[in-house]
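Student: Contents of start_2.txt (compact mmCIF, C-alpha atoms) are below:
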```txt
# COMPACT_ATOMS: atom_id res chain seq x y z
CA MET A 1 -23.35 -3.30 -160.49
CA SER A 2 -19.84 -4.58 -161.06
CA VAL A 3 -18.37 -6.71 -163.77
CA GLY A 4 -15.81 -9.33 -162.80
CA ALA A 5 -13.25 -11.07 -164.93
CA TRP A 6 -13.23 -14.81 -165.44
CA GLU A 7 -10.03 -16.48 -164.30
CA PRO A 8 -9.23 -20.02 -165.48
CA LYS A 9 -8.35 -22.72 -162.96
CA ALA A 10 -4.65 -22.75 -162.10
CA ASN A 11 -4.28 -26.48 -162.71
CA SER A 12 -5.92 -26.70 -166.09
CA ASP A 13 -3.93 -25.97 -169.23
CA SER A 14 -1.90 -23.16 -167.73
CA GLY A 15 1.25 -25.23 -167.72
CA GLN A 16 2.22 -24.02 -164.25
CA GLU A 17 1.34 -27.03 -162.13
CA SER A 18 3.52 -30.11 -162.11
CA ILE A 19 2.16 -33.28 -163.63
CA PRO A 20 1.02 -35.55 -160.77
CA ARG A 21 3.19 -38.65 -161.11
CA ALA A 22 1.10 -40.69 -158.67
CA LEU A 23 -1.88 -40.12 -160.95
CA LEU A 24 0.15 -41.12 -164.01
CA GLN A 25 1.12 -44.32 -162.17
CA ARG A 26 -2.59 -45.03 -161.65
CA TYR A 27 -3.13 -44.46 -165.37
CA ILE A 28 -0.37 -46.96 -166.16
CA GLU A 29 -2.09 -49.51 -163.93
CA ALA A 30 -5.44 -48.77 -165.58
CA ALA A 31 -3.94 -49.33 -169.03
CA GLN A 32 -2.65 -52.72 -167.91
CA ALA A 33 -6.00 -53.80 -166.46
CA ASP A 34 -8.32 -55.75 -168.70
CA ILE A 35 -11.44 -53.75 -167.78
CA PRO A 36 -12.91 -50.47 -169.08
CA LEU A 37 -11.20 -47.37 -167.68
CA GLU A 38 -14.47 -46.10 -166.24
CA GLN A 39 -14.58 -49.11 -163.93
CA HIS A 40 -10.90 -48.92 -162.95
CA LEU A 41 -10.59 -45.22 -162.13
CA ASP A 42 -12.23 -43.14 -159.41
CA ALA A 43 -13.97 -39.85 -160.22
CA GLY A 44 -10.89 -37.76 -159.40
CA ALA A 45 -8.74 -39.69 -161.87
CA ARG A 46 -11.46 -39.46 -164.53
CA ASP A 47 -11.79 -35.70 -164.03
CA ALA A 48 -8.14 -34.93 -164.87
CA SER A 49 -8.79 -34.73 -168.61
CA TRP A 50 -6.68 -31.53 -168.78
CA LEU A 51 -3.61 -33.79 -168.66
CA ILE A 52 -4.21 -35.20 -172.13
CA ARG A 53 -3.98 -31.71 -173.65
CA LEU A 54 -0.81 -30.43 -171.98
CA PRO A 55 1.71 -28.87 -174.38
CA LEU A 56 4.17 -31.09 -176.22
CA GLN A 57 7.19 -29.71 -174.35
CA ARG A 58 5.65 -30.49 -170.95
CA TRP A 59 5.18 -34.13 -171.97
CA LEU A 60 8.67 -34.37 -173.43
CA GLU A 61 10.09 -33.13 -170.13
CA GLU A 62 7.88 -35.47 -168.11
CA SER A 63 8.84 -38.48 -170.24
CA ALA A 64 12.38 -38.32 -168.82
CA HIS A 65 10.97 -39.66 -165.54
CA TRP A 66 9.53 -42.83 -167.09
CA ASP A 67 11.05 -45.86 -168.80
CA ASP A 68 10.06 -47.04 -172.29
CA ALA A 69 7.55 -49.62 -171.02
CA GLN A 70 5.85 -47.04 -168.80
CA LEU A 71 5.64 -44.58 -171.69
CA TRP A 72 3.98 -47.27 -173.79
CA GLN A 73 1.42 -47.84 -171.03
CA LEU A 74 0.74 -44.09 -170.85
CA ILE A 75 0.24 -44.08 -174.62
CA ARG A 76 -2.19 -46.97 -174.19
CA PHE A 77 -4.04 -45.15 -171.43
CA PHE A 78 -4.43 -41.87 -173.32
CA THR A 79 -5.49 -43.74 -176.47
CA LEU A 80 -8.18 -45.60 -174.53
CA ALA A 81 -9.19 -42.52 -172.52
CA GLU A 82 -10.11 -40.64 -175.69
CA GLN A 83 -12.45 -43.48 -176.63
CA GLN A 84 -13.85 -44.43 -173.25
CA LEU A 85 -13.98 -41.33 -171.03
CA ALA A 86 -16.20 -38.30 -171.57
CA GLY A 87 -14.29 -35.06 -172.15
CA TRP A 88 -10.97 -36.73 -172.93
CA ASP A 89 -11.02 -36.21 -176.71
CA ALA A 90 -7.91 -34.28 -177.71
CA GLY A 91 -7.36 -34.63 -181.46
CA ALA A 92 -4.00 -33.16 -182.48
CA ASP A 93 -3.34 -32.07 -178.87
CA SER A 94 -3.28 -35.63 -177.50
CA ALA A 95 -0.53 -36.61 -175.05
CA VAL A 96 0.02 -39.70 -177.21
CA ILE A 97 1.84 -37.56 -179.79
CA PRO A 98 4.65 -36.20 -177.55
CA LEU A 99 4.95 -39.55 -175.74
CA ALA A 100 5.48 -41.34 -179.06
CA LYS A 101 7.99 -38.62 -179.99
CA ALA A 102 9.86 -39.19 -176.72
CA LEU A 103 10.20 -42.88 -177.59
CA ARG A 104 11.51 -42.02 -181.06
CA GLN A 105 14.06 -39.65 -179.52
CA ARG A 106 15.27 -42.53 -177.33
CA SER A 107 15.72 -44.71 -180.41
CA ALA A 108 12.84 -46.88 -179.17
CA PRO A 109 10.06 -46.06 -181.66
CA LEU A 110 6.69 -47.75 -181.54
CA SER A 111 6.71 -51.21 -183.08
CA ARG A 112 4.41 -52.27 -185.88
CA GLU A 113 2.26 -54.16 -183.35
CA GLN A 114 1.97 -51.07 -181.16
CA LEU A 115 1.03 -48.89 -184.12
CA LEU A 116 -1.64 -51.40 -185.12
CA TRP A 117 -2.96 -51.48 -181.55
CA ILE A 118 -3.32 -47.68 -181.55
CA ARG A 119 -5.15 -47.75 -184.90
CA GLU A 120 -7.49 -50.50 -183.67
CA ASN A 121 -8.31 -48.67 -180.44
CA SER A 122 -8.64 -45.08 -181.63
CA ASP A 123 -10.51 -43.04 -184.17
CA ASN A 124 -8.21 -40.05 -183.62
CA ARG A 125 -6.60 -39.58 -187.03
CA TYR A 126 -3.66 -37.71 -185.51
CA LEU A 127 -2.34 -40.63 -183.48
CA PRO A 128 0.43 -41.44 -182.91
CA TYR A 129 2.55 -38.85 -184.71
CA GLY A 130 0.32 -35.77 -184.95
CA PRO A 131 -0.65 -33.75 -188.00
CA LEU A 132 1.69 -34.42 -190.89
```
Please express what this file holds, its structure, as structure tokens.

Tutor:
Amino acid sequence: MSVGAWEPKANSDSGQESIPRALLQRYIEAAQADIPLEQHLDAGARDASWLIRLPLQRWLEESAHWDDAQLWQLIRFFTLAEQQLAGWDAGADSAVIPLAKALRQRSAPLSREQLLWIRENSDNRYLPYGPL
């Protein structure tokens, strides 16, 4: 009898794989659609819940590839994903937190209306700025 060691998937939270930008573009489109995410996304897009929990630094680096409006749509997507998609709950590890930080660093912080939208569409007490 032999005992093996469990090895985690390489693309999960290891931080080694690049963030798939084509998938993020689909998430932006889903956030803009006026239908539930479950209906807008295929199974592969719904199964990438590991993205919402990537480390803060990875999201700050990725945010450089997106404009302010796209970052807002990603914030919208991840806010809705936590509420609408199974396995996407992230709490204080949510991608919304570093994305909101990226906007603040650009001197383009979330507006009052955006903050209210997040509060109305999420029960995650850490959004949008993380644990204080």

Student: Measuring atom to atom with all atoms listed in the file, identify which of A:Tyr27, A:Asp93, A:Trp72, A:Ala22 is nearest to Glu113 of chain A.

Tutor: A:Trp72

Student: With all atoms listed in the file as the basis for distance, which of A:Leu132, A:Ser63, A:Gln83, A:Trp88 is at the shortest distance from Arg119 of chain A?

Tutor: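 Once distances to Arg119 of chain A are computed over all atoms listed in the file, the minimum belongs to A:Gln83.
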
Student: Mind listing whatever residues come within 12 Å of the point (-3.3, -37.5, -183.8)? Use only C-alpha atoms, file coordinates, and give them as number ranges by chain.

Tutor: A: 52-53, 75, 78-79, 82, 89-101, 118-119, 122-132

Student: Return the single residue from A:Leu85, A:Leu71, A:Leu80, A:Leu103 that is closest to Ala48 of chain A, with distances computed using only C-alpha atoms.

Tutor: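 Using only C-alpha atoms, Ala48 of chain A sits closest to A:Leu85.
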
Student: Leaving out segment 67-70 of chain A and any residue of its chain fewer than 4 positions from it, which residues lie within 12 Å of it when counting all atoms listed in the file, given as a ChimeraX atom specification?

Tutor: /A:21,24-32,62-63,74-77,99-110,114

Student: Okay, now the selection with C-alpha atoms, as an mmCIF file, keeping the file's coordinate frame?

Tutor:
```
data_model
loop_
_atom_site.group_PDB
_atom_site.id
_atom_site.type_symbol
_atom_site.label_atom_id
_atom_site.label_comp_id
_atom_site.auth_asym_id
_atom_site.auth_seq_id
_atom_site.Cartn_x
_atom_site.Cartn_y
_atom_site.Cartn_z
ATOM 1 C CA ARG A 21 3.190 -38.650 -161.110
ATOM 2 C CA LEU A 24 0.150 -41.120 -164.010
ATOM 3 C CA GLN A 25 1.120 -44.320 -162.170
ATOM 4 C CA ARG A 26 -2.590 -45.030 -161.650
ATOM 5 C CA TYR A 27 -3.130 -44.460 -165.370
ATOM 6 C CA ILE A 28 -0.370 -46.960 -166.160
ATOM 7 C CA GLU A 29 -2.090 -49.510 -163.930
ATOM 8 C CA ALA A 30 -5.440 -48.770 -165.580
ATOM 9 C CA ALA A 31 -3.940 -49.330 -169.030
ATOM 10 C CA GLN A 32 -2.650 -52.720 -167.910
ATOM 11 C CA GLU A 62 7.880 -35.470 -168.110
ATOM 12 C CA SER A 63 8.840 -38.480 -170.240
ATOM 13 C CA LEU A 74 0.740 -44.090 -170.850
ATOM 14 C CA ILE A 75 0.240 -44.080 -174.620
ATOM 15 C CA ARG A 76 -2.190 -46.970 -174.190
ATOM 16 C CA PHE A 77 -4.040 -45.150 -171.430
ATOM 17 C CA LEU A 99 4.950 -39.550 -175.740
ATOM 18 C CA ALA A 100 5.480 -41.340 -179.060
ATOM 19 C CA LYS A 101 7.990 -38.620 -179.990
ATOM 20 C CA ALA A 102 9.860 -39.190 -176.720
ATOM 21 C CA LEU A 103 10.200 -42.880 -177.590
ATOM 22 C CA ARG A 104 11.510 -42.020 -181.060
ATOM 23 C CA GLN A 105 14.060 -39.650 -179.520
ATOM 24 C CA ARG A 106 15.270 -42.530 -177.330
ATOM 25 C CA SER A 107 15.720 -44.710 -180.410
ATOM 26 C CA ALA A 108 12.840 -46.880 -179.170
ATOM 27 C CA PRO A 109 10.060 -46.060 -181.660
ATOM 28 C CA LEU A 110 6.690 -47.750 -181.540
ATOM 29 C CA GLN A 114 1.970 -51.070 -181.160
#
```

Student: Can you measure atom CA of Arg58 of chain A to atom CA of Leu23 of chain A for me? One decimal in Å is fine.

Tutor: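 So the two atoms, atom CA of Arg58 of chain A and atom CA of Leu23 of chain A, lie 15.8 Å apart.
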
Student: Record the distance separating atom CA of Ala45 of chain A and atom CA of Trp59 of chain A, expressed in Å with one decimal.

Tutor: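 Straight-line distance from atom CA of Ala45 of chain A to atom CA of Trp59 of chain A works out to 18.1 Å.
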
Student: Go through A:Pro20, A:Ser49, A:His65, A:Gln73 one by one, measure the shortest atom-to-atom distance of each to Ala33 of chain A using all atoms listed in the file, and give the residue with the smallest value.

Tutor: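 Looking at the shortest contact to Ala33 of chain A, the residue is A:Gln73.
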
Student: State, in Å with one decimal place, the distance from atom CA of Ala86 of chain A to atom CA of Asn121 of chain A.

Tutor: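 Value for the atom CA of Ala86 of chain A-atom CA of Asn121 of chain A distance: 15.8 Å.
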
Student: Quick one: segment 79-119 of chain A with N, CA and C atoms, as a CSV table (one decimal), in the first residue's frame?

Tutor:
```
chain,number,residue,atom,x,y,z
A,79,THR,N,-19.3,41.6,-7.6
A,79,THR,CA,-20.3,41.9,-6.6
A,79,THR,C,-21.6,41.0,-6.8
A,80,LEU,N,-22.0,40.9,-8.1
A,80,LEU,CA,-23.2,40.1,-8.4
A,80,LEU,C,-22.8,38.6,-8.3
A,81,ALA,N,-21.6,38.2,-8.7
A,81,ALA,CA,-21.3,36.8,-8.7
A,81,ALA,C,-21.3,36.3,-7.3
A,82,GLU,N,-20.9,37.0,-6.3
A,82,GLU,CA,-21.0,36.5,-4.9
A,82,GLU,C,-22.4,36.2,-4.5
A,83,GLN,N,-23.4,37.0,-5.0
A,83,GLN,CA,-24.8,36.8,-4.7
A,83,GLN,C,-25.5,35.8,-5.5
A,84,GLN,N,-25.1,35.7,-6.8
A,84,GLN,CA,-25.9,34.9,-7.7
A,84,GLN,C,-25.3,33.5,-8.1
A,85,LEU,N,-24.0,33.3,-7.9
A,85,LEU,CA,-23.3,32.1,-8.4
A,85,LEU,C,-22.8,31.3,-7.2
A,86,ALA,N,-23.1,30.0,-7.2
A,86,ALA,CA,-22.7,29.1,-6.2
A,86,ALA,C,-21.1,29.0,-6.1
A,87,GLY,N,-20.6,29.1,-4.9
A,87,GLY,CA,-19.1,29.0,-4.8
A,87,GLY,C,-18.3,30.2,-5.0
A,88,TRP,N,-19.0,31.3,-5.3
A,88,TRP,CA,-18.3,32.6,-5.5
A,88,TRP,C,-18.2,33.5,-4.3
A,89,ASP,N,-18.6,33.1,-3.2
A,89,ASP,CA,-18.5,33.9,-2.0
A,89,ASP,C,-17.1,34.1,-1.6
A,90,ALA,N,-16.6,35.3,-1.3
A,90,ALA,CA,-15.2,35.5,-1.0
A,90,ALA,C,-14.9,36.3,0.2
A,91,GLY,N,-15.9,37.0,0.8
A,91,GLY,CA,-15.7,37.8,2.0
A,91,GLY,C,-14.6,38.8,1.8
A,92,ALA,N,-13.7,38.8,2.7
A,92,ALA,CA,-12.6,39.8,2.7
A,92,ALA,C,-11.6,39.5,1.6
A,93,ASP,N,-11.7,38.4,0.9
A,93,ASP,CA,-10.8,38.1,-0.2
A,93,ASP,C,-11.3,38.4,-1.6
A,94,SER,N,-12.4,39.1,-1.6
A,94,SER,CA,-13.1,39.5,-2.9
A,94,SER,C,-12.3,40.3,-3.8
A,95,ALA,N,-12.3,40.1,-5.1
A,95,ALA,CA,-11.6,40.9,-6.1
A,95,ALA,C,-12.1,42.3,-6.1
A,96,VAL,N,-13.3,42.5,-5.6
A,96,VAL,CA,-13.9,43.9,-5.6
A,96,VAL,C,-12.9,44.8,-4.8
A,97,ILE,N,-12.3,44.3,-3.7
A,97,ILE,CA,-11.5,45.2,-2.8
A,97,ILE,C,-10.3,45.7,-3.6
A,98,PRO,N,-9.4,44.9,-4.2
A,98,PRO,CA,-8.3,45.4,-4.9
A,98,PRO,C,-8.7,46.2,-6.2
A,99,LEU,N,-9.8,45.9,-6.8
A,99,LEU,CA,-10.2,46.7,-8.0
A,99,LEU,C,-10.7,48.1,-7.5
A,100,ALA,N,-11.4,48.2,-6.4
A,100,ALA,CA,-11.7,49.5,-5.9
A,100,ALA,C,-10.5,50.3,-5.5
A,101,LYS,N,-9.5,49.6,-4.9
A,101,LYS,CA,-8.2,50.2,-4.5
A,101,LYS,C,-7.5,50.7,-5.8
A,102,ALA,N,-7.5,50.0,-6.9
A,102,ALA,CA,-6.9,50.4,-8.1
A,102,ALA,C,-7.5,51.7,-8.6
A,103,LEU,N,-8.8,51.8,-8.5
A,103,LEU,CA,-9.5,53.1,-8.9
A,103,LEU,C,-9.1,54.2,-8.0
A,104,ARG,N,-9.0,54.0,-6.7
A,104,ARG,CA,-8.6,55.1,-5.8
A,104,ARG,C,-7.2,55.5,-6.1
A,105,GLN,N,-6.3,54.6,-6.5
A,105,GLN,CA,-4.9,54.9,-6.8
A,105,GLN,C,-4.8,55.7,-8.1
A,106,ARG,N,-5.8,55.6,-8.9
A,106,ARG,CA,-5.8,56.4,-10.2
A,106,ARG,C,-6.5,57.7,-10.0
A,107,SER,N,-6.9,58.0,-8.8
A,107,SER,CA,-7.6,59.2,-8.5
A,107,SER,C,-9.0,59.2,-9.1
A,108,ALA,N,-9.6,58.0,-9.2
A,108,ALA,CA,-10.9,57.8,-9.8
A,108,ALA,C,-11.7,56.9,-8.8
A,109,PRO,N,-11.9,57.4,-7.6
A,109,PRO,CA,-12.6,56.5,-6.6
A,109,PRO,C,-14.0,56.3,-7.0
A,110,LEU,N,-14.6,55.2,-6.4
A,110,LEU,CA,-16.0,55.0,-6.6
A,110,LEU,C,-16.9,56.1,-6.2
A,111,SER,N,-17.9,56.4,-7.0
A,111,SER,CA,-18.8,57.5,-6.6
A,111,SER,C,-19.8,57.1,-5.6
A,112,ARG,N,-20.5,58.0,-5.1
A,112,ARG,CA,-21.5,57.7,-4.1
A,112,ARG,C,-22.6,56.8,-4.6
A,113,GLU,N,-23.0,57.0,-5.9
A,113,GLU,CA,-23.9,56.1,-6.6
A,113,GLU,C,-23.4,54.7,-6.7
A,114,GLN,N,-22.1,54.6,-7.0
A,114,GLN,CA,-21.5,53.3,-7.2
A,114,GLN,C,-21.4,52.5,-5.8
A,115,LEU,N,-21.1,53.3,-4.8
A,115,LEU,CA,-21.0,52.7,-3.4
A,115,LEU,C,-22.4,52.2,-3.0
A,116,LEU,N,-23.4,53.0,-3.3
A,116,LEU,CA,-24.8,52.6,-2.9
A,116,LEU,C,-25.2,51.4,-3.7
A,117,TRP,N,-24.8,51.3,-5.0
A,117,TRP,CA,-25.1,50.1,-5.8
A,117,TRP,C,-24.5,48.9,-5.2
A,118,ILE,N,-23.3,49.0,-4.8
A,118,ILE,CA,-22.6,47.8,-4.2
A,118,ILE,C,-23.3,47.4,-2.9
A,119,ARG,N,-23.7,48.3,-2.1
A,119,ARG,CA,-24.4,48.0,-0.8
A,119,ARG,C,-25.8,47.4,-1.1
```
